[in-house]
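Right, one structure below, let's go through it.
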Amino acid sequence: MIAESWRAARSCAPPGHLDAAGCNVPSDRTLDAVVEHLRRERETGGYQAATDLHAARSALAALAGAAAADVALLESGTAAMAALLGGWRLPPGSRIGVTRAEYGSTLMLLRRLARLHDYKLLDLPVDDDSRLDPDGLASALAGGLDLVVLSHVPSHRGIVQPAAEAGRLCRAAGVPLVLDVCQSFGHVDAGGVGATAYVGTSRKWLAGPRGVGFLIVPGLTADMDTAAPALGGHVWAGEEPSPLPGAARYETSEGPIAARAGFGVAVLEHRALGPSAVHARLAELGVRARRLLDGIGGWRAGEPLDEPSAIVTLRPPPGADPAAAVEDARSRAAHESILVGAVPVGRAPADLPTPVLRISPSPGTRQEDLHALARVLDR
């Protein structure tokens, strides 16, 4: 039922699209919402063509057990993370726990902030699949941490981190947790974590347009503000800017408003499909894809075969030049009208020794698309 509903909402979707983790296929209604907003801007003026996104903010916040006022819309997940961490007034010398599987852009940001503010970045213990070790996190928290940053589902490796357990441990220790949900919202359950902040994006599993990221900040404190205050989220208080209540402080008065309108539609569609049913369908597709593709042509799955996620990474055959093998496979798949992703080492420089091929089916993926990819890899 989920598969049919997904396909019906995307009447012009290209066949063989297996790159939801890169940039998913928006629905017809999402596309129409973007175009319609642009049309209204042209006809009535950009500032008059306001869009009420309260229902969409509420639906998005509900995925994290938060409220609409906790949501800020920005231009990307990377921009959202920079606004959050760049403006957070942590004391100099603060200790920040991260795993080796952290996303490359976030790692760049953290290292820059560490140099500027004398922060200490501490590696959190993980297992052989780069999955966070809760006991190791508990020990690190006992040793003194000021912040934990965790990618719920890494971009380069289809494991699901134990986010709920991490949230419980961080709350018990009084340490804020920032959860990167760019690859988990719309994909796996992110409820019950109780994170201080969630950072995400529109264009992946929620199937919204590019150019929209978001922050959900249910744990907002007085020392949290955006890195670059602007009139959209602040007012003048004497000679100093004062942030608006809630997550609005992270927004500006400008941005891709038409894309946000489309994202609002995509979020409401996800709610209508039923998040738990979507999660189950994607987990099923991921397991099916790994069991089919692991070993084909010498390619091996980069995560456990039964991992409940739809991100499937494949390591190149032994003896092959990894970068060349990944690009060749991606190119041959494209020739057969199959879209897959290639993940470079820079995506996770502390964890990824070589590039990998990434397959990430959407809920509407047909079994024949996976079999067509298997034939490509078996040549």
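The chains in the structure tokens are called A, B, ... from first to last as shown; in each chain the residues are counted from 1, and the ligands are counted from 1 in the order shown.
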
Spatial neighbours of Ser309 of chain A, 7 Å, only C-alpha atoms, chain gap at least 4 places, as an MDAnalysis selection string: chainID A and resid 158:160 188 282:283 286

Take the residues that were just selected and, keeping N, CA and C atoms, output them as an mmCIF file, in the first residue's frame.
```
data_model
loop_
_atom_site.group_PDB
_atom_site.id
_atom_site.type_symbol
_atom_site.label_atom_id
_atom_site.label_comp_id
_atom_site.auth_asym_id
_atom_site.auth_seq_id
_atom_site.Cartn_x
_atom_site.Cartn_y
_atom_site.Cartn_z
ATOM 1 N N GLY A 158 25.109 2.651 6.252
ATOM 2 C CA GLY A 158 23.697 2.545 6.592
ATOM 3 C C GLY A 158 23.390 1.917 7.922
ATOM 4 N N ILE A 159 24.074 2.359 8.973
ATOM 5 C CA ILE A 159 23.754 1.874 10.315
ATOM 6 C C ILE A 159 22.836 2.876 11.009
ATOM 7 N N VAL A 160 22.071 2.382 11.962
ATOM 8 C CA VAL A 160 21.204 3.241 12.768
ATOM 9 C C VAL A 160 21.822 3.333 14.160
ATOM 10 N N VAL A 188 13.866 6.481 9.459
ATOM 11 C CA VAL A 188 13.794 5.636 10.647
ATOM 12 C C VAL A 188 13.169 6.443 11.783
ATOM 13 N N LEU A 282 10.871 0.943 4.314
ATOM 14 C CA LEU A 282 12.259 1.250 3.966
ATOM 15 C C LEU A 282 13.224 0.241 4.580
ATOM 16 N N ALA A 283 12.970 -0.171 5.811
ATOM 17 C CA ALA A 283 13.821 -1.189 6.429
ATOM 18 C C ALA A 283 13.772 -2.490 5.633
ATOM 19 N N GLY A 286 15.824 -2.062 2.445
ATOM 20 C CA GLY A 286 17.255 -2.081 2.701
ATOM 21 C C GLY A 286 17.777 -3.485 2.909
#
```

Picked from segment 88-303 of chain A by DSSP as strand (DSSP E or B), as number ranges by chain: A: 95-98, 120-123, 126, 132, 147-151, 177-180, 197-201, 213-216, 234-237, 240-243, 300-301

field: Selection near Ala190 of chain A, 10 Å with only C-alpha atoms, sequence-local residues under 6 positions removed, as a PyMOL selection string
entry: chain A and resi 62-65+152+163-164+179+181+184+198

Write a file of the just-selected residues containing N, CA and C atoms, as a PDB file, in the first residue's frame.
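The resulting file, selection-v9.pdb, is reproduced below:
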```pdb
ATOM      1  N   ALA A  62       6.598  17.039  15.441  1.00  0.00           N
ATOM      2  CA  ALA A  62       6.045  15.846  16.068  1.00  0.00           C
ATOM      3  C   ALA A  62       6.953  14.631  15.875  1.00  0.00           C
ATOM      4  N   LEU A  63       7.738  14.614  14.817  1.00  0.00           N
ATOM      5  CA  LEU A  63       8.660  13.497  14.590  1.00  0.00           C
ATOM      6  C   LEU A  63       9.723  13.426  15.675  1.00  0.00           C
ATOM      7  N   ALA A  64       9.929  14.543  16.391  1.00  0.00           N
ATOM      8  CA  ALA A  64      10.897  14.573  17.487  1.00  0.00           C
ATOM      9  C   ALA A  64      10.226  14.799  18.830  1.00  0.00           C
ATOM     10  N   GLY A  65       8.884  14.756  18.873  1.00  0.00           N
ATOM     11  CA  GLY A  65       8.177  15.003  20.118  1.00  0.00           C
ATOM     12  C   GLY A  65       8.275  16.448  20.566  1.00  0.00           C
ATOM     13  N   HIS A 152      22.437  10.408  13.446  1.00  0.00           N
ATOM     14  CA  HIS A 152      21.553   9.276  13.710  1.00  0.00           C
ATOM     15  C   HIS A 152      21.785   8.147  12.711  1.00  0.00           C
ATOM     16  N   ALA A 163      20.220   6.109  19.114  1.00  0.00           N
ATOM     17  CA  ALA A 163      19.977   7.501  19.492  1.00  0.00           C
ATOM     18  C   ALA A 163      19.161   7.613  20.777  1.00  0.00           C
ATOM     19  N   ALA A 164      18.147   6.746  20.943  1.00  0.00           N
ATOM     20  CA  ALA A 164      17.325   6.829  22.150  1.00  0.00           C
ATOM     21  C   ALA A 164      18.166   6.560  23.394  1.00  0.00           C
ATOM     22  N   LEU A 179      21.401  15.936  17.622  1.00  0.00           N
ATOM     23  CA  LEU A 179      21.200  14.770  16.766  1.00  0.00           C
ATOM     24  C   LEU A 179      21.016  15.217  15.323  1.00  0.00           C
ATOM     25  N   VAL A 181      19.661  14.515  11.968  1.00  0.00           N
ATOM     26  CA  VAL A 181      18.609  13.638  11.442  1.00  0.00           C
ATOM     27  C   VAL A 181      18.448  13.804   9.937  1.00  0.00           C
ATOM     28  N   SER A 184      17.751  10.489   8.758  1.00  0.00           N
ATOM     29  CA  SER A 184      16.830   9.641   9.520  1.00  0.00           C
ATOM     30  C   SER A 184      15.383  10.116   9.485  1.00  0.00           C
ATOM     31  N   TYR A 198      17.769  19.020  16.996  1.00  0.00           N
ATOM     32  CA  TYR A 198      17.786  18.127  15.840  1.00  0.00           C
ATOM     33  C   TYR A 198      18.092  18.971  14.607  1.00  0.00           C
TER      34      TYR A 198
END
```

Atom CA of Gly341 of chain A to atom CA of Asp19 of chain A, distance in Å rounded to a single decimal: 5.9 Å

Exercise: Pro14 of chain A partners within 10 Å, only C-alpha atoms, chain neighbours under 2 positions left out, as an mmCIF file with C-alpha atoms, in the first residue's frame:
```cif
data_model
loop_
_atom_site.group_PDB
_atom_site.id
_atom_site.type_symbol
_atom_site.label_atom_id
_atom_site.label_comp_id
_atom_site.auth_asym_id
_atom_site.auth_seq_id
_atom_site.Cartn_x
_atom_site.Cartn_y
_atom_site.Cartn_z
ATOM 1 C CA ARG A 10 4.893 10.892 -8.283
ATOM 2 C CA SER A 11 3.319 10.317 -11.675
ATOM 3 C CA CYS A 12 6.390 11.538 -13.580
ATOM 4 C CA GLY A 16 15.316 3.243 -11.387
ATOM 5 C CA HIS A 17 15.754 6.061 -8.860
ATOM 6 C CA VAL A 25 11.852 12.543 -5.797
ATOM 7 C CA SER A 337 18.585 4.314 -16.285
ATOM 8 C CA ILE A 338 19.442 3.402 -12.681
ATOM 9 C CA LEU A 339 20.455 6.258 -10.398
#
```

Surrounding residues of segment 102-118 of chain A excluding itself and chain neighbours under 3 positions, 9 Å, only C-alpha atoms, as a list in words: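 So the residues in contact are Thr78, Met81, Ala82, Leu85, Gly86, Leu90, Pro91, Pro92, Gly93, Ser94, Ile96, Val98, Thr99, Leu121, Val149, Leu150, Ser151, Pro154, Ser155, His156, Val345, Gly346, Arg347, Ala348, Pro349, Ala350 and Asp351 of chain A.
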
Based on the selection just made, write N, CA and C atoms of those residues as a PDB file, in the first residue's frame.
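Contents of the output file selection_18.pdb:
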```pdb
ATOM      1  N   THR A  78      23.486  21.676   6.521  1.00  0.00           N
ATOM      2  CA  THR A  78      24.805  22.227   6.858  1.00  0.00           C
ATOM      3  C   THR A  78      24.658  23.635   7.432  1.00  0.00           C
ATOM      4  N   MET A  81      23.257  23.372  10.982  1.00  0.00           N
ATOM      5  CA  MET A  81      24.266  22.966  11.964  1.00  0.00           C
ATOM      6  C   MET A  81      25.203  24.129  12.276  1.00  0.00           C
ATOM      7  N   ALA A  82      25.584  24.897  11.248  1.00  0.00           N
ATOM      8  CA  ALA A  82      26.473  26.044  11.469  1.00  0.00           C
ATOM      9  C   ALA A  82      25.801  27.115  12.320  1.00  0.00           C
ATOM     10  N   LEU A  85      25.601  25.412  16.114  1.00  0.00           N
ATOM     11  CA  LEU A  85      26.861  25.253  16.845  1.00  0.00           C
ATOM     12  C   LEU A  85      27.684  26.538  16.838  1.00  0.00           C
ATOM     13  N   GLY A  86      27.609  27.288  15.741  1.00  0.00           N
ATOM     14  CA  GLY A  86      28.410  28.498  15.646  1.00  0.00           C
ATOM     15  C   GLY A  86      27.987  29.578  16.613  1.00  0.00           C
ATOM     16  N   LEU A  90      29.246  28.076  24.292  1.00  0.00           N
ATOM     17  CA  LEU A  90      29.889  27.118  25.175  1.00  0.00           C
ATOM     18  C   LEU A  90      31.152  27.743  25.759  1.00  0.00           C
ATOM     19  N   PRO A  91      31.510  27.401  26.977  1.00  0.00           N
ATOM     20  CA  PRO A  91      32.718  27.984  27.578  1.00  0.00           C
ATOM     21  C   PRO A  91      33.976  27.544  26.825  1.00  0.00           C
ATOM     22  N   PRO A  92      34.996  28.396  26.763  1.00  0.00           N
ATOM     23  CA  PRO A  92      36.282  27.969  26.177  1.00  0.00           C
ATOM     24  C   PRO A  92      36.778  26.701  26.870  1.00  0.00           C
ATOM     25  N   GLY A  93      37.347  25.813  26.080  1.00  0.00           N
ATOM     26  CA  GLY A  93      37.839  24.558  26.631  1.00  0.00           C
ATOM     27  C   GLY A  93      36.788  23.477  26.746  1.00  0.00           C
ATOM     28  N   SER A  94      35.565  23.738  26.260  1.00  0.00           N
ATOM     29  CA  SER A  94      34.499  22.736  26.349  1.00  0.00           C
ATOM     30  C   SER A  94      34.910  21.456  25.630  1.00  0.00           C
ATOM     31  N   ILE A  96      33.730  18.221  23.557  1.00  0.00           N
ATOM     32  CA  ILE A  96      32.641  17.818  22.670  1.00  0.00           C
ATOM     33  C   ILE A  96      32.892  16.398  22.181  1.00  0.00           C
ATOM     34  N   VAL A  98      32.221  13.246  19.766  1.00  0.00           N
ATOM     35  CA  VAL A  98      31.759  12.891  18.419  1.00  0.00           C
ATOM     36  C   VAL A  98      32.253  11.485  18.098  1.00  0.00           C
ATOM     37  N   THR A  99      31.624  10.843  17.135  1.00  0.00           N
ATOM     38  CA  THR A  99      32.118   9.546  16.681  1.00  0.00           C
ATOM     39  C   THR A  99      32.930   9.726  15.402  1.00  0.00           C
ATOM     40  N   LEU A 121      37.817  18.114  21.025  1.00  0.00           N
ATOM     41  CA  LEU A 121      36.972  17.109  20.383  1.00  0.00           C
ATOM     42  C   LEU A 121      37.429  15.730  20.835  1.00  0.00           C
ATOM     43  N   VAL A 149      27.590  15.385  19.833  1.00  0.00           N
ATOM     44  CA  VAL A 149      27.039  15.541  18.488  1.00  0.00           C
ATOM     45  C   VAL A 149      27.033  14.170  17.830  1.00  0.00           C
ATOM     46  N   LEU A 150      25.874  13.758  17.320  1.00  0.00           N
ATOM     47  CA  LEU A 150      25.732  12.397  16.784  1.00  0.00           C
ATOM     48  C   LEU A 150      24.887  12.409  15.527  1.00  0.00           C
ATOM     49  N   SER A 151      25.372  11.752  14.479  1.00  0.00           N
ATOM     50  CA  SER A 151      24.574  11.535  13.271  1.00  0.00           C
ATOM     51  C   SER A 151      23.751  10.268  13.461  1.00  0.00           C
ATOM     52  N   PRO A 154      24.459   7.659   9.519  1.00  0.00           N
ATOM     53  CA  PRO A 154      25.516   8.306   8.744  1.00  0.00           C
ATOM     54  C   PRO A 154      25.205   8.315   7.250  1.00  0.00           C
ATOM     55  N   SER A 155      25.768   9.283   6.574  1.00  0.00           N
ATOM     56  CA  SER A 155      25.574   9.412   5.124  1.00  0.00           C
ATOM     57  C   SER A 155      26.305   8.327   4.351  1.00  0.00           C
ATOM     58  N   HIS A 156      27.382   7.807   4.917  1.00  0.00           N
ATOM     59  CA  HIS A 156      28.273   6.910   4.182  1.00  0.00           C
ATOM     60  C   HIS A 156      28.164   5.457   4.611  1.00  0.00           C
ATOM     61  N   VAL A 345      35.506   9.760   0.087  1.00  0.00           N
ATOM     62  CA  VAL A 345      36.111   9.655   1.404  1.00  0.00           C
ATOM     63  C   VAL A 345      35.851  10.909   2.236  1.00  0.00           C
ATOM     64  N   GLY A 346      35.808  12.074   1.591  1.00  0.00           N
ATOM     65  CA  GLY A 346      35.603  13.323   2.317  1.00  0.00           C
ATOM     66  C   GLY A 346      34.288  13.412   3.045  1.00  0.00           C
ATOM     67  N   ARG A 347      33.333  12.536   2.710  1.00  0.00           N
ATOM     68  CA  ARG A 347      32.033  12.544   3.395  1.00  0.00           C
ATOM     69  C   ARG A 347      32.191  12.139   4.859  1.00  0.00           C
ATOM     70  N   ALA A 348      33.163  11.281   5.147  1.00  0.00           N
ATOM     71  CA  ALA A 348      33.426  10.844   6.527  1.00  0.00           C
ATOM     72  C   ALA A 348      34.904  10.499   6.635  1.00  0.00           C
ATOM     73  N   PRO A 349      35.770  11.501   6.641  1.00  0.00           N
ATOM     74  CA  PRO A 349      37.214  11.257   6.518  1.00  0.00           C
ATOM     75  C   PRO A 349      37.815  10.449   7.658  1.00  0.00           C
ATOM     76  N   ALA A 350      37.165  10.421   8.811  1.00  0.00           N
ATOM     77  CA  ALA A 350      37.702   9.659   9.935  1.00  0.00           C
ATOM     78  C   ALA A 350      37.261   8.206   9.919  1.00  0.00           C
ATOM     79  N   ASP A 351      36.351   7.856   8.997  1.00  0.00           N
ATOM     80  CA  ASP A 351      35.750   6.519   9.041  1.00  0.00           C
ATOM     81  C   ASP A 351      35.769   5.781   7.715  1.00  0.00           C
TER      82      ASP A 351
END
```

task: Point out the residue among A:Glu284, A:Glu269, A:Glu75, A:Glu36 with the least atom-to-atom distance to Val312 of chain A, counting only C-alpha atoms.
output: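 That would be A:Glu284, the residue with the smallest distance to Val312 of chain A.
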
task: Go through segment 14-259 of chain A and collect every residue that DSSP, computed from the backbone, puts in alpha helix (DSSP H); the answer should be as a PyMOL selection string.
output: chain A and resi 28-44+54-62+77-87+104-117+134-144+163-173+257-259

field: Near-Pro363 of chain A list (12 Å; only C-alpha atoms; drop same-chain fewer than 5 positions) as a PyMOL selection string
entry: chain A and resi 1-10+17-20+24-25+186-187+205-207+270+273-275+277-286+309-310

Write the selection just made, keeping C-alpha atoms, as an mmCIF file, in the first residue's frame?
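File again.cif, as written:
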```cif
data_model
loop_
_atom_site.group_PDB
_atom_site.id
_atom_site.type_symbol
_atom_site.label_atom_id
_atom_site.label_comp_id
_atom_site.auth_asym_id
_atom_site.auth_seq_id
_atom_site.Cartn_x
_atom_site.Cartn_y
_atom_site.Cartn_z
ATOM 1 C CA MET A 1 0.000 0.000 0.000
ATOM 2 C CA ILE A 2 2.816 2.416 0.913
ATOM 3 C CA ALA A 3 4.656 1.625 -2.318
ATOM 4 C CA GLU A 4 1.578 2.207 -4.475
ATOM 5 C CA SER A 5 0.672 5.455 -2.706
ATOM 6 C CA TRP A 6 4.241 6.712 -3.073
ATOM 7 C CA ARG A 7 4.355 5.951 -6.800
ATOM 8 C CA ALA A 8 0.871 7.381 -7.417
ATOM 9 C CA ALA A 9 1.931 10.702 -5.892
ATOM 10 C CA ARG A 10 4.893 10.892 -8.283
ATOM 11 C CA HIS A 17 15.754 6.061 -8.860
ATOM 12 C CA LEU A 18 17.836 4.519 -6.036
ATOM 13 C CA ASP A 19 19.317 7.686 -4.506
ATOM 14 C CA ALA A 20 16.842 8.824 -1.862
ATOM 15 C CA ASN A 24 14.736 12.139 -3.340
ATOM 16 C CA VAL A 25 11.852 12.543 -5.797
ATOM 17 C CA GLY A 186 11.353 10.174 7.001
ATOM 18 C CA HIS A 187 13.524 7.041 7.115
ATOM 19 C CA TRP A 205 13.882 10.947 2.958
ATOM 20 C CA LEU A 206 11.186 13.577 3.478
ATOM 21 C CA ALA A 207 11.222 14.096 -0.319
ATOM 22 C CA HIS A 270 4.774 11.951 5.028
ATOM 23 C CA LEU A 273 1.353 8.044 4.661
ATOM 24 C CA GLY A 274 2.076 7.060 8.251
ATOM 25 C CA PRO A 275 5.701 7.390 9.427
ATOM 26 C CA ALA A 277 4.604 2.262 7.890
ATOM 27 C CA VAL A 278 7.166 4.189 5.820
ATOM 28 C CA HIS A 279 9.937 3.201 8.240
ATOM 29 C CA ALA A 280 8.962 -0.470 8.019
ATOM 30 C CA ARG A 281 8.832 -0.386 4.216
ATOM 31 C CA LEU A 282 12.259 1.250 3.966
ATOM 32 C CA ALA A 283 13.821 -1.189 6.429
ATOM 33 C CA GLU A 284 12.410 -4.061 4.368
ATOM 34 C CA LEU A 285 13.828 -2.615 1.144
ATOM 35 C CA GLY A 286 17.255 -2.081 2.701
ATOM 36 C CA SER A 309 17.813 1.101 7.214
ATOM 37 C CA ALA A 310 17.451 1.714 3.491
#
```

message: Ranking A:Asp180, A:Asp70, A:Asp294, A:Asp378 by minimum distance to Ala101 of chain A and counting only C-alpha atoms, which one comes first?
response: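 Looking only at the distances to Ala101 of chain A, the closest residue turns out to be A:Asp180.
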
query: Please, what distance in Å, to one decimal, runs between atom CA of Val35 of chain A and atom CA of Arg210 of chain A?
result: 13.7 Å

- request: Quote the spacing between atom CA of Asp135 of chain A and atom CA of Glu165 of chain A in Å to one decimal place.
  value: 10.0 Å

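Closest approach to Leu141 of chain A among A:Cys23, A:Ala266, A:Ala166, A:Ala49 is made by A:Ala166 (distances from only C-alpha atoms).
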
Write out as a short mmCIF file (atom, residue, chain, number, x, y, z; two decimals) with N, CA and C atoms, in the first residue's frame the residues lying within 9 Å of Cys170 of chain A, counting only C-alpha atoms and excluding same-chain residues fewer than 5 positions away.
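Saved as around04.cif:
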```cif
data_model
loop_
_atom_site.label_atom_id
_atom_site.label_comp_id
_atom_site.auth_asym_id
_atom_site.auth_seq_id
_atom_site.Cartn_x
_atom_site.Cartn_y
_atom_site.Cartn_z
N LEU A 137 29.94 5.65 25.78
CA LEU A 137 29.39 7.00 25.93
C LEU A 137 29.18 7.31 27.41
N ALA A 138 28.66 6.34 28.17
CA ALA A 138 28.44 6.56 29.60
C ALA A 138 29.75 6.89 30.30
N LEU A 141 30.81 10.43 29.35
CA LEU A 141 30.00 11.41 30.06
C LEU A 141 30.45 11.53 31.51
N LEU A 147 29.09 18.59 25.50
CA LEU A 147 28.19 18.48 24.37
C LEU A 147 28.49 17.18 23.64
N VAL A 148 27.43 16.55 23.11
CA VAL A 148 27.58 15.37 22.26
C VAL A 148 26.90 15.67 20.93
N GLU A 165 19.06 5.57 23.31
CA GLU A 165 19.93 5.28 24.44
C GLU A 165 20.91 6.43 24.68
N VAL A 175 23.98 16.62 29.92
CA VAL A 175 24.81 17.06 28.79
C VAL A 175 23.93 17.17 27.55
N PRO A 176 23.93 18.31 26.85
CA PRO A 176 23.10 18.45 25.65
C PRO A 176 23.54 17.52 24.53
N LEU A 177 22.57 17.03 23.79
CA LEU A 177 22.80 16.16 22.64
C LEU A 177 22.25 16.84 21.39
N ALA A 195 16.53 14.75 22.43
CA ALA A 195 17.73 15.54 22.17
C ALA A 195 17.47 17.01 22.45
#
```

Closest contacts (segment 62-164 of chain A/segment 230-245 of chain A, max 12 Å, only C-alpha atoms) as CSV:
```
residue,atom,partner,partner_atom,distance
A:Ala69,CA,A:Pro245,CA,8.3
A:Asp70,CA,A:Pro245,CA,9.3
A:Val71,CA,A:Pro245,CA,11.3
A:Ala72,CA,A:Gly233,CA,9.6
A:Leu73,CA,A:Gly233,CA,11.1
A:Leu74,CA,A:Gly232,CA,11.5
A:Ala83,CA,A:Ala230,CA,11.6
A:Gly87,CA,A:Pro243,CA,11.8
```
